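Data block for work.csv (CSV, C-alpha atoms):
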```csv
chain,number,residue,atom,x,y,z
F,1,SER,CA,-28.8,-98.0,-71.5
F,2,GLN,CA,-28.9,-97.5,-67.7
F,3,GLN,CA,-32.0,-98.4,-65.8
F,4,GLY,CA,-30.7,-98.8,-62.3
F,5,GLU,CA,-30.6,-95.9,-60.0
F,6,GLU,CA,-28.5,-96.1,-56.9
F,7,ASP,CA,-28.5,-94.1,-53.8
F,8,PRO,CA,-26.6,-92.6,-52.3
F,9,GLN,CA,-24.2,-91.7,-55.1
F,10,ALA,CA,-21.5,-91.3,-52.5
F,11,LEU,CA,-21.2,-92.5,-49.0
F,12,SER,CA,-18.5,-91.8,-46.4
F,13,ILE,CA,-18.4,-93.8,-43.1
F,14,GLN,CA,-16.0,-94.8,-40.4
F,15,GLU,CA,-14.4,-98.2,-40.1
F,16,GLY,CA,-16.6,-100.6,-38.2
F,17,GLU,CA,-19.9,-98.9,-39.2
F,18,ASN,CA,-22.4,-100.5,-41.6
F,19,ALA,CA,-22.9,-99.2,-45.1
F,20,THR,CA,-26.2,-99.5,-46.9
F,21,MET,CA,-26.6,-98.9,-50.6
F,22,ASN,CA,-29.8,-99.0,-52.6
F,23,CYS,CA,-30.6,-99.8,-56.1
F,24,SER,CA,-33.9,-99.4,-58.0
F,25,TYR,CA,-34.8,-100.7,-61.4
F,26,LYS,CA,-37.6,-100.3,-63.9
F,27,THR,CA,-38.4,-103.6,-65.7
F,28,SER,CA,-39.1,-107.2,-64.6
F,29,ILE,CA,-35.9,-109.1,-63.9
F,30,ASN,CA,-34.5,-112.6,-63.7
F,31,ASN,CA,-31.9,-111.7,-61.2
F,32,LEU,CA,-30.0,-108.7,-59.8
F,33,GLN,CA,-26.3,-108.7,-59.2
F,34,TRP,CA,-24.0,-106.5,-57.2
F,35,TYR,CA,-20.4,-105.7,-58.2
F,36,ARG,CA,-17.6,-103.9,-56.7
F,37,GLN,CA,-14.9,-101.9,-58.5
F,38,ASN,CA,-11.8,-100.4,-57.1
F,39,SER,CA,-10.6,-97.2,-58.6
F,40,GLY,CA,-9.4,-97.8,-62.2
F,41,ARG,CA,-9.8,-101.5,-61.9
F,42,GLY,CA,-12.0,-104.3,-63.2
F,43,LEU,CA,-15.3,-105.5,-61.7
F,44,VAL,CA,-15.6,-108.1,-59.0
F,45,HIS,CA,-18.8,-110.0,-58.7
F,46,LEU,CA,-20.1,-109.9,-55.2
F,47,ILE,CA,-23.5,-111.6,-55.1
F,48,LEU,CA,-26.4,-112.6,-57.3
F,49,ILE,CA,-30.0,-112.7,-56.0
F,50,ARG,CA,-32.7,-114.3,-58.1
F,51,SER,CA,-36.1,-112.7,-58.6
F,52,ASN,CA,-37.8,-115.4,-56.4
F,53,GLU,CA,-35.4,-114.7,-53.5
F,54,ARG,CA,-35.8,-112.0,-50.9
F,55,GLU,CA,-32.5,-112.0,-49.1
F,56,LYS,CA,-29.1,-113.4,-49.5
F,57,HIS,CA,-25.9,-113.4,-47.4
F,58,SER,CA,-22.3,-113.8,-48.2
F,59,GLY,CA,-19.8,-113.1,-45.4
F,60,ARG,CA,-20.3,-109.5,-44.3
F,61,LEU,CA,-22.6,-108.8,-47.3
F,62,ARG,CA,-26.4,-108.9,-47.1
F,63,VAL,CA,-28.5,-108.3,-50.1
F,64,THR,CA,-32.3,-107.9,-50.1
F,65,LEU,CA,-34.6,-107.7,-53.1
F,66,ASP,CA,-38.1,-106.3,-53.2
F,67,THR,CA,-39.6,-107.0,-56.6
F,68,SER,CA,-42.9,-105.2,-55.7
F,69,LYS,CA,-40.9,-102.0,-55.2
F,70,LYS,CA,-38.3,-102.9,-57.9
F,71,SER,CA,-35.5,-102.3,-55.5
F,72,SER,CA,-32.6,-103.9,-53.8
F,73,SER,CA,-30.2,-103.0,-51.1
F,74,LEU,CA,-26.6,-104.0,-50.3
F,75,LEU,CA,-25.5,-103.9,-46.7
F,76,ILE,CA,-21.9,-104.2,-45.7
F,77,THR,CA,-21.5,-104.9,-42.0
F,78,ALA,CA,-18.5,-103.9,-39.9
F,79,SER,CA,-16.9,-102.1,-42.8
F,80,ARG,CA,-13.2,-101.9,-43.3
F,81,ALA,CA,-11.0,-99.4,-45.1
F,82,ALA,CA,-10.4,-102.1,-47.8
F,83,ASP,CA,-14.1,-101.9,-48.6
F,84,THR,CA,-13.5,-98.5,-50.1
F,85,ALA,CA,-14.7,-98.8,-53.7
F,86,SER,CA,-17.6,-98.2,-56.1
F,87,TYR,CA,-20.5,-100.6,-55.9
F,88,PHE,CA,-22.8,-101.2,-58.8
F,89,CYS,CA,-26.0,-103.1,-59.2
F,90,ALA,CA,-26.9,-104.8,-62.5
F,91,THR,CA,-30.1,-106.4,-63.7
F,92,ASP,CA,-30.6,-109.0,-66.4
F,93,GLU,CA,-32.4,-108.1,-69.6
F,94,TRP,CA,-33.1,-110.0,-72.8
F,95,ALA,CA,-32.8,-108.1,-76.1
F,96,GLY,CA,-33.6,-110.3,-79.0
F,97,ASN,CA,-31.4,-113.4,-78.7
F,98,ASN,CA,-28.9,-111.6,-76.5
F,99,ARG,CA,-28.9,-111.3,-72.8
F,100,LYS,CA,-27.3,-108.2,-71.3
F,101,LEU,CA,-26.8,-106.5,-68.0
F,102,ILE,CA,-28.3,-103.1,-67.3
F,103,TRP,CA,-26.1,-101.2,-64.9
F,104,GLY,CA,-26.9,-98.8,-62.2
F,105,LEU,CA,-25.0,-95.5,-61.8
F,106,GLY,CA,-23.1,-96.8,-58.8
F,107,THR,CA,-22.4,-95.8,-55.2
F,108,SER,CA,-18.9,-94.6,-54.3
F,109,LEU,CA,-18.1,-95.8,-50.8
F,110,ALA,CA,-15.3,-94.4,-48.7
F,111,VAL,CA,-14.5,-96.1,-45.4
F,112,ASN,CA,-12.3,-94.0,-43.2
F,113,PRO,CA,-9.8,-95.7,-40.9
X,1,GLY,CA,-13.2,-119.7,-61.1
X,2,ALA,CA,-13.6,-118.4,-64.6
X,3,VAL,CA,-10.9,-116.0,-65.6
X,4,VAL,CA,-11.0,-113.3,-68.3
X,5,SER,CA,-7.9,-111.4,-69.3
X,6,GLN,CA,-7.4,-108.2,-71.3
X,7,HIS,CA,-4.4,-107.0,-73.1
X,8,PRO,CA,-3.0,-104.5,-72.9
X,9,SER,CA,-3.9,-103.2,-69.5
X,10,ARG,CA,-2.9,-99.7,-70.5
X,11,VAL,CA,-2.2,-98.0,-73.8
X,12,ILE,CA,-1.3,-94.6,-74.9
X,13,CYS,CA,-1.5,-93.7,-78.6
X,14,LYS,CA,-1.4,-90.7,-80.9
X,15,SER,CA,-4.5,-89.3,-82.5
X,16,GLY,CA,-5.3,-91.0,-85.8
X,17,THR,CA,-3.8,-94.4,-85.0
X,18,SER,CA,-5.8,-97.6,-84.4
X,19,VAL,CA,-5.6,-99.6,-81.2
X,20,LYS,CA,-6.5,-103.2,-80.7
X,21,ILE,CA,-7.6,-104.6,-77.3
X,22,GLU,CA,-7.8,-108.3,-76.7
X,23,CYS,CA,-10.2,-110.1,-74.4
X,24,ARG,CA,-9.5,-113.8,-73.6
X,25,SER,CA,-11.4,-116.3,-71.6
X,26,LEU,CA,-8.6,-118.4,-70.0
X,27,ASP,CA,-10.4,-121.4,-68.6
X,28,PHE,CA,-13.7,-121.6,-70.4
X,29,GLN,CA,-15.2,-121.2,-73.8
X,30,ALA,CA,-17.1,-117.9,-74.2
X,31,THR,CA,-20.1,-118.1,-76.4
X,32,THR,CA,-20.8,-114.5,-75.9
X,33,MET,CA,-18.5,-111.6,-75.1
X,34,PHE,CA,-19.5,-108.1,-74.2
X,35,TRP,CA,-17.6,-104.8,-74.6
X,36,TYR,CA,-18.2,-101.9,-72.2
X,37,ARG,CA,-16.9,-98.4,-71.9
X,38,GLN,CA,-16.6,-96.5,-68.7
X,39,PHE,CA,-15.8,-92.8,-68.2
X,40,PRO,CA,-14.3,-91.6,-64.9
X,41,LYS,CA,-16.6,-91.9,-62.0
X,42,GLN,CA,-19.4,-93.2,-64.2
X,43,SER,CA,-21.1,-96.5,-64.7
X,44,LEU,CA,-20.5,-99.0,-67.4
X,45,MET,CA,-22.0,-98.4,-70.8
X,46,LEU,CA,-22.5,-101.5,-73.0
X,47,MET,CA,-21.0,-100.9,-76.4
X,48,ALA,CA,-21.7,-104.2,-78.2
X,49,THR,CA,-22.4,-107.9,-77.7
X,50,SER,CA,-20.6,-110.4,-79.8
X,51,ASN,CA,-21.4,-114.1,-80.4
X,52,GLU,CA,-18.6,-116.3,-81.7
X,53,GLY,CA,-18.7,-116.6,-85.4
X,54,SER,CA,-21.2,-113.9,-86.1
X,55,LYS,CA,-21.3,-110.2,-86.3
X,56,ALA,CA,-21.5,-108.1,-83.2
X,57,THR,CA,-24.7,-106.4,-82.1
X,58,TYR,CA,-23.9,-102.7,-81.4
X,59,GLU,CA,-25.9,-100.6,-78.9
X,60,GLN,CA,-27.6,-97.5,-80.2
X,61,GLY,CA,-25.1,-94.6,-80.7
X,62,VAL,CA,-22.0,-96.8,-81.0
X,63,GLU,CA,-20.3,-96.5,-84.3
X,64,LYS,CA,-19.6,-100.0,-85.7
X,65,ASP,CA,-17.0,-98.6,-88.1
X,66,LYS,CA,-15.2,-96.9,-85.3
X,67,PHE,CA,-15.2,-99.7,-82.9
X,68,LEU,CA,-14.5,-103.0,-84.8
X,69,ILE,CA,-15.3,-106.1,-82.9
X,70,ASN,CA,-14.1,-109.6,-83.9
X,71,HIS,CA,-15.1,-112.7,-82.0
X,72,ALA,CA,-13.2,-115.3,-84.1
X,73,SER,CA,-12.9,-118.0,-81.6
X,74,LEU,CA,-14.6,-119.2,-78.4
X,75,THR,CA,-11.8,-117.8,-76.3
X,76,LEU,CA,-10.9,-114.5,-78.0
X,77,SER,CA,-12.6,-111.3,-78.9
X,78,THR,CA,-10.9,-108.1,-80.1
X,79,LEU,CA,-12.0,-104.5,-80.0
X,80,THR,CA,-10.2,-102.2,-82.4
X,81,VAL,CA,-10.6,-98.5,-82.0
X,82,THR,CA,-10.0,-97.1,-85.4
X,83,SER,CA,-8.5,-93.6,-86.0
X,84,ALA,CA,-8.6,-92.9,-82.3
X,85,HIS,CA,-9.2,-89.4,-81.1
X,86,PRO,CA,-8.8,-87.9,-77.6
X,87,GLU,CA,-12.6,-88.3,-77.0
X,88,ASP,CA,-12.1,-92.1,-77.3
X,89,SER,CA,-9.9,-92.0,-74.2
X,90,SER,CA,-11.7,-94.2,-71.7
X,91,PHE,CA,-11.6,-97.4,-69.7
X,92,TYR,CA,-12.7,-100.4,-71.8
X,93,ILE,CA,-13.9,-103.5,-70.1
X,94,CYS,CA,-14.8,-106.8,-71.6
X,95,SER,CA,-16.8,-109.7,-70.2
X,96,ALA,CA,-17.5,-113.2,-71.3
X,97,SER,CA,-20.3,-115.7,-70.8
X,98,PRO,CA,-20.0,-119.4,-71.2
X,99,GLY,CA,-23.6,-119.6,-72.5
X,100,LEU,CA,-24.8,-122.3,-70.2
X,101,ALA,CA,-27.8,-124.4,-71.3
X,102,ASP,CA,-29.4,-123.3,-68.0
X,103,ILE,CA,-29.5,-119.6,-68.7
X,104,LYS,CA,-30.4,-118.8,-65.2
X,105,LYS,CA,-27.0,-120.1,-64.2
X,106,ASP,CA,-25.2,-118.2,-67.0
X,107,THR,CA,-23.2,-115.2,-65.9
X,108,GLN,CA,-20.7,-112.7,-67.1
X,109,TYR,CA,-17.1,-112.8,-66.0
X,110,PHE,CA,-15.2,-109.5,-66.4
X,111,GLY,CA,-11.8,-108.7,-67.6
X,112,PRO,CA,-9.6,-106.3,-65.6
X,113,GLY,CA,-10.1,-103.5,-68.1
X,114,THR,CA,-7.9,-101.5,-70.5
X,115,ARG,CA,-7.1,-97.8,-70.0
X,116,LEU,CA,-6.8,-96.1,-73.4
X,117,THR,CA,-5.4,-92.6,-73.6
X,118,VAL,CA,-5.3,-90.9,-76.9
X,119,LEU,CA,-3.0,-87.9,-77.1
```

Here is a file; write its structure as structure tokens.
Amino acid sequence: SQQGEEDPQALSIQEGENATMNCSYKTSINNLQWYRQNSGRGLVHLILIRSNEREKHSGRLRVTLDTSKKSSSLLITASRAADTASYFCATDEWAGNNRKLIWGLGTSLAVNP
Amino acid sequence: GAVVSQHPSRVICKSGTSVKIECRSLDFQATTMFWYRQFPKQSLMLMATSNEGSKATYEQGVEKDKFLINHASLTLSTLTVTSAHPEDSSFYICSASPGLADIKKDTQYFGPGTRLTVL
């Protein structure tokens, strides 16, 4: 099941600009993760932010989490053509004894040189 | 870092045949493995969760007789698409979790995916 909603669904920017993607979710979470996927390839884990954290940085990435609004944002600063990919958020959910990720629909980012 | 491999990376088969996809954790023992399906330009859809040595838990709407999952060891899980049809064509991705005692530190590591095309 998909609980995350991401916006925008598609984003096209010029190299050097910042890209902001948003993710909303519906249930309480332990953590929220952002992944990147190049076309037709596997997923690359970018960053994990825990429910008690509000902001996290990793290189040119900045993630914020607002649990009161059940939303998160991913900011990529000084974008590069190589950042072109789809970006997904995923939240943690327990189902019985199994823990699983609930995925957002993704944002397709195109960075034009 | 933790590495998960999938084999094959790409497979083309005729309608009616069965296809087996392997998922291996290369440098850690995976208590739990997950199988996902992804259609073009769409998000991941969890198909099933498998714990080593026990039967897989399938998500609603996923046919367990169609998608056979075996997690026989702590480093290997297989997904067999039985009697494949063109509508089974998709990108299949596995992930593996080490099942750390501190569940807050446990995470999923993803394989590179397998592109299945059924003619």

(message) Set the cut-off to 10 Å and count all atoms listed in the file: what are the residues of chain X that reach chain F? Output as a PyMOL selection string.
(response) chain X and resi 9+32+34+38+40-51+57+59-60+91-95+97+99+103-104+106-115

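Among the candidates X:Val118, X:Val11, X:Leu79, X:Leu74, the one nearest to Tyr36 in chain X when counting all atoms listed in the file is X:Leu79.
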
(request) Tell me which protein, DNA and RNA residues are within 10 Å of His57 in chain F, counting all atoms listed in the file, leaving out same-chain ones fewer than 4 positions away, and put them as a ChimeraX atom specification. (result) /F:47-49,61-64,74-75

(request) List the neighbours of Pro86 in chain X out to 8 Å using only C-alpha atoms; skip same-chain residues closer than 3 positions along the sequence, and give me the result as a ChimeraX atom specification. (result) /X:15,89,117-119

(request) Using all atoms listed in the file, find the one residue out of X:Ile69, X:Ala84, X:Val62, X:Ala96 that sits nearest to Ile21 in chain X. (result)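 Counting all atoms listed in the file, the residue closest to Ile21 in chain X is X:Ile69.
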
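Checking F:Ser79, F:Lys26, F:Ala85, F:Ser71 one by one against Gly59 in chain F, counting all atoms listed in the file, you find the shortest gap at F:Ser79.
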
(request) Give the answer as one residue: which of F:Gln14, F:Leu46, F:Asn38, F:Asn52 has the shortest atom-to-atom distance to Thr84 in chain F, using all atoms listed in the file? (result)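 Going through F:Gln14, F:Leu46, F:Asn38, F:Asn52 one by one, the smallest distance to Thr84 in chain F is for F:Asn38.
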
(request) Calculate how many Å separate CA of Cys23 in chain X from CA of Phe39 in chain X, rounding to one decimal. (result)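 Spanning CA of Cys23 in chain X to CA of Phe39 in chain X is a straight-line distance of 19.2 Å.
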
(message) Residues near Ile76 in chain F, anyone? I mean within 9 Å using only C-alpha atoms, not counting same-chain ones fewer than 5 positions away, as an MDAnalysis selection string.
(response) chainID F and resid 17:21 60:63 83
